[in-house]
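Student: What follows is a structure written as structure tokens; I'll ask about it next.
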Amino acid sequence: MKNFSITLLLCVLLHPFLKAQLYTPSPAAVQKSKALLAKMTLAEKIGQLTLYTTDWGSTGPTIREGYKNDIKSGACGNLFNSHSTAFTRELQKVAVEETRLKIPILFGFDVIHGYKTIFPIPLGEACSWDLAAMEQSAHIAAKEAAAAGLHWTYAPMVDIGRDPRWGRVMEGAGEDTWLGCRIAEARVRGIQGSKLGQTDRLVACVKHFAAYGAATAGRDYNTVDMSERFFREYYLPPYEAAVKAGAASVMTSFNDYDGIPATGNKYLITNILRKEWGFKGFVVTDYTSMNEMVNHGVVADDKAAGELSINAGVDMDMQGSIYQRFLAQSVKEGKATLKLIDDATLRILQIKYDLGLFDDPYKFCDAEREKATLLAPEHRAAAREISRKSIVLLKNDKNVLPLKKNQKIALIGALADNKTELIGNWNGAGNAEDCITLRNGLRDGNVTYVKGCEVDGSDRSGFEAAINAAKQADVVVIAVGEKAMMSGEAASRSDITLPGVQEDLVLELVKTGKPVVVVLMNGRPLAIPAIAENATAILETWWLGTEAGNAIADVLWGDYNPSGKLTMTFPRSVGQVPVFYNYKSTGRPYDPNSKWNSRYIDIVNTPQYPFGYGLSYTTFKYSTPTCDKTTFKQGEKIKVSVTVTNSGSRDGEEVVQLYIHDLVGSVTRPVKELRGFQKIMLKAGESKTIDFTLSNDAFSFYRRNMTRGSERGDFEIMVGGSSEDTQKIKVTMK
């Protein structure tokens, strides 16, 4: 697995996007879809453009009243929140045995970080910097979901997240565009595989198109305002990477772009997605985002929202029922054309054909496969391995970690013996009872558990028992963080410190003089300056899912040497937000010895923990990087080499990161930008020379005239273990 991971990483160092592998419908699917389209009424076509939800989430496997009749009449061709082979078979039977044209239903579901076997939240998993592992977890999630009758998932989310107040940062890959592209590609490959129709894969749906992660003030569903240059440079590329990796569907976002909501934005959907990128799959709205354009104030009513959407290029209406209610009337009035509806219908039918649903509508409804696949032992083993790769060691004073089995451990915190919160938000069809708690993970140690306090609230009545337990222990381990619903959709927070009195409890435990190990369990970067200063050790474990407790225990005991690196900056204070590593210099750059520059008067500019940061139980030393040529022609490739030595006493993995800085550009450039990485294993005392080959793309950007390319001049190339711990050389492009 490790060898495959390194090989995969080497393959993606050179170019912002892999060679285009766009989804293209098979010739047979095109031919058969056109033949079927010729038989369809306008109402049946509109039915294929309609997506409804069942009542699964609240009432079990039931269908909303009236929806079965919609299926029978051909008025609903797609459903989401319908899963399990028994339920999907029941509904599919209605579609293919009780309708005129026998068109099968497409079943979708939010499989974000696992179906039954729950993996780390995507932000946490991104911190593994292991693309092969991310592809593997996406494949396992798809395999389980497909075994449960599903065809389609609303993943991956590839929105760039620079603002930790926004709850949905938990679903993405973090703040960096280049890394976000690589992770988007890996997740699409894992979900969708090499072609549609495999019974262990799903149709991937890239979301949320576009720039959803830049919601103003970090408030979910909020507006977005940015320049075209900023949009194309930082927010747009991961969507393109995912589409060119083969994703067959794309979801519109709730926000506006350039004053037009994404669901009605022809520039985004038709001009960029279809014409620039050549996308041939279908576009679906997010939940009622078509209806919500009325609230945006760009249309007067639902009917006008549907007209704006169909003319923009939206194929499928999720839950809003606007196409179903108004599209036929819009055609009669000449406000929508039959060609637009035919094209949208074809795109959906082609995917159903390529999935093989017309040949066998029940091919994903194999109850025996479902039973054998869900929570399979090998899936749990993979979840444990990927979970421990996702853990980031933020602090380890006096080498208090790893723990020793003969130590007396006081385990404290509501999250230390919790299953529900550890599977995180967007936990698919996961069952909390299948989750391993931290207390259970530490079962082989000499552990005394005391809750101490709840995750939220002001109750301090448990402090005394926790403090007494700490005094009798050799070391304290306290699990603190967020509840699952405190991050995710509709879970923005203006205060990103620890909720409740958890921080107060940590600081009281520090006063006992015992080593205090803080285990963070959360869905976003938190502002924890007091804990960062006073705790002895800190592990960022995110919400790790089904095998959370075992994975954390593996790291605490030293059975696994932590190797995670942050993919999103941790601020010292919410007042620094948004804070990210690839900022641009100002005319008055930060100088701690001067007042008259871009700075705060009450806090330093630097974050608590920067992008790319993460410690190990061993140490690594870097040589000064070298280059095969310090002067090169525009368009030439250059090779950068660095020697990395494991200078500690333990074997360990290191993420070797390469950044560039364009010193002078026709437009302002960031102080550094990630352009390559390799995750390597080094035995204690071992050295390896790592090579990076940089092509012209590594130096390219949107220039003053908005063409993308490189410019001649001087560059700094930086290599190191984090964005703030690098050594550099200077090269010149002639």
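Residues are named by chain letter and number: chains run A, B, ... in the order of the structure tokens, numbers start at 1 in each chain, and ligands are numbered from 1 in the order shown.
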Which of stretch 173-336 of chain A end up as strand (DSSP E or B) when DSSP is run on this backbone - answer as a list in words?

Tutor: Val203, Cys205, Val206, Lys207, His208, Phe209, Ser249, Val250, Met251, Thr252, Asp256, Tyr257, Ile260, Pro261, Phe282, Val283, Val284, Met316, Asp317 and Met318 of chain A

Student: Hey, which of A:Met170, A:Leu505, A:Leu346, A:Ile638 ends up closest to A:Ser458? Count only C-alpha atoms.

Tutor: A:Leu505

Student: Which residues come within 9 Å of A:Trp129, counting only C-alpha atoms, excluding same-chain residues fewer than 6 positions away, as a VMD selection string?

Tutor: chain A and resid 179 183 389 to 390 563 to 567 655 677 to 679

Student: How would the residues just chosen look if you wrote them out with C-alpha atoms as a short mmCIF file (atom, residue, chain, number, x, y, z; two decimals), in the first residue's frame?

Tutor:
data_model
loop_
_atom_site.label_atom_id
_atom_site.label_comp_id
_atom_site.auth_asym_id
_atom_site.auth_seq_id
_atom_site.Cartn_x
_atom_site.Cartn_y
_atom_site.Cartn_z
CA LEU A 179 -3.78 19.93 -3.21
CA ILE A 183 -7.67 15.07 -3.74
CA LYS A 389 -3.05 8.36 9.03
CA SER A 390 -5.41 11.34 9.42
CA SER A 563 2.23 11.42 10.09
CA GLY A 564 -0.69 13.77 9.40
CA LYS A 565 -0.18 17.37 8.30
CA LEU A 566 -2.78 20.12 8.43
CA THR A 567 -4.51 21.06 5.19
CA VAL A 655 5.28 14.67 3.98
CA PHE A 677 4.64 16.76 -2.22
CA GLN A 678 5.77 13.24 -1.49
CA LYS A 679 4.93 11.17 1.55
#

Student: Within 10 Å of stretch 701-715 of chain A, counting only C-alpha atoms, which residues show up once you throw out same-chain ones fewer than 3 positions away? Write them as number ranges by chain, please.

Tutor: A: 228-230, 232-233, 630-635, 660-669, 696-698, 718, 728-734

Student: Find the residues near A:Met486: any atom within 10 Å, counting only C-alpha atoms, skip ones fewer than 4 places away on the same chain, and give them as a VMD selection string.

Tutor: chain A and resid 167 421 424 to 425 481 to 482 490 to 493 499 522 to 524

Student: State, in Å with one decimal place, the distance from atom CA of A:Val314 to atom CA of A:Ser26.

Tutor: 21.7 Å

Student: Using only C-alpha atoms, which residue out of A:Ile552, A:Leu509, A:Ile341, A:Ala184 lies closest to A:Glu44?

Tutor: A:Ile341

Student: Among stretch 251-408 of chain A, which residues carry a DSSP assignment of alpha helix (DSSP H), reported as number ranges by chain?

Tutor: A: 266, 293-296, 302-312, 322-332, 338-354, 367-373, 377-389

Student: Determine the nearest neighbour of A:Pro25 from the options A:Phe279, A:Tyr115, A:Tyr67, A:Phe231, counting only C-alpha atoms.

Tutor: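 For A:Pro25, the nearest of the given residues is A:Phe279.
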
Student: A:Phe87, A:Tyr234, A:Tyr659, A:Trp56: which is nearest A:Tyr362, counting only C-alpha atoms?

Tutor: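 Of all the options, A:Phe87 lies closest to A:Tyr362.
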
Student: Using only C-alpha atoms, which of the listed residues (A:Lys93, A:Lys471, A:His208, A:Lys404) sits closest to A:Leu442?

Tutor: A:Lys404

Student: What's around A:Ser494 at 8 Å? Count only C-alpha atoms, leave out sequence neighbours fewer than 2 positions away in its own chain, and write the answer as a short mmCIF file (atom, residue, chain, number, x, y, z; two decimals) with N, CA, C and O atoms, in the first residue's frame.

Tutor:
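Below is the file result-v2.cif, written as the result:
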data_model
loop_
_atom_site.label_atom_id
_atom_site.label_comp_id
_atom_site.auth_asym_id
_atom_site.auth_seq_id
_atom_site.Cartn_x
_atom_site.Cartn_y
_atom_site.Cartn_z
N ARG A 165 -15.06 29.30 10.15
CA ARG A 165 -16.41 29.55 10.66
C ARG A 165 -17.44 28.78 9.85
O ARG A 165 -18.50 28.42 10.37
N SER A 492 -22.58 26.94 10.82
CA SER A 492 -21.53 27.96 10.91
C SER A 492 -21.46 28.47 12.34
O SER A 492 -22.48 28.53 13.05
N ILE A 496 -15.20 30.10 17.24
CA ILE A 496 -14.63 28.78 16.94
C ILE A 496 -13.70 28.30 18.04
O ILE A 496 -12.79 27.51 17.80
N VAL A 574 -10.47 33.99 16.23
CA VAL A 574 -11.41 34.16 15.12
C VAL A 574 -11.21 35.50 14.43
O VAL A 574 -11.55 35.67 13.26
#

Student: Considering only C-alpha atoms, state which residue in the set A:Ile603, A:Ala186, A:Leu544, A:Ala211 is at the smallest distance from A:Val392.

Tutor: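 Of the candidates, the smallest distance to A:Val392 is held by A:Leu544.
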
Student: Leaving out A:Ala148 and any residue of its chain fewer than 3 positions from it, which residues lie within 12 Å of it when counting only C-alpha atoms, given as a PyMOL selection string?

Tutor: chain A and resi 81-89+107-109+111+115-116+141-145+151-152+199-202+362-375+428-429
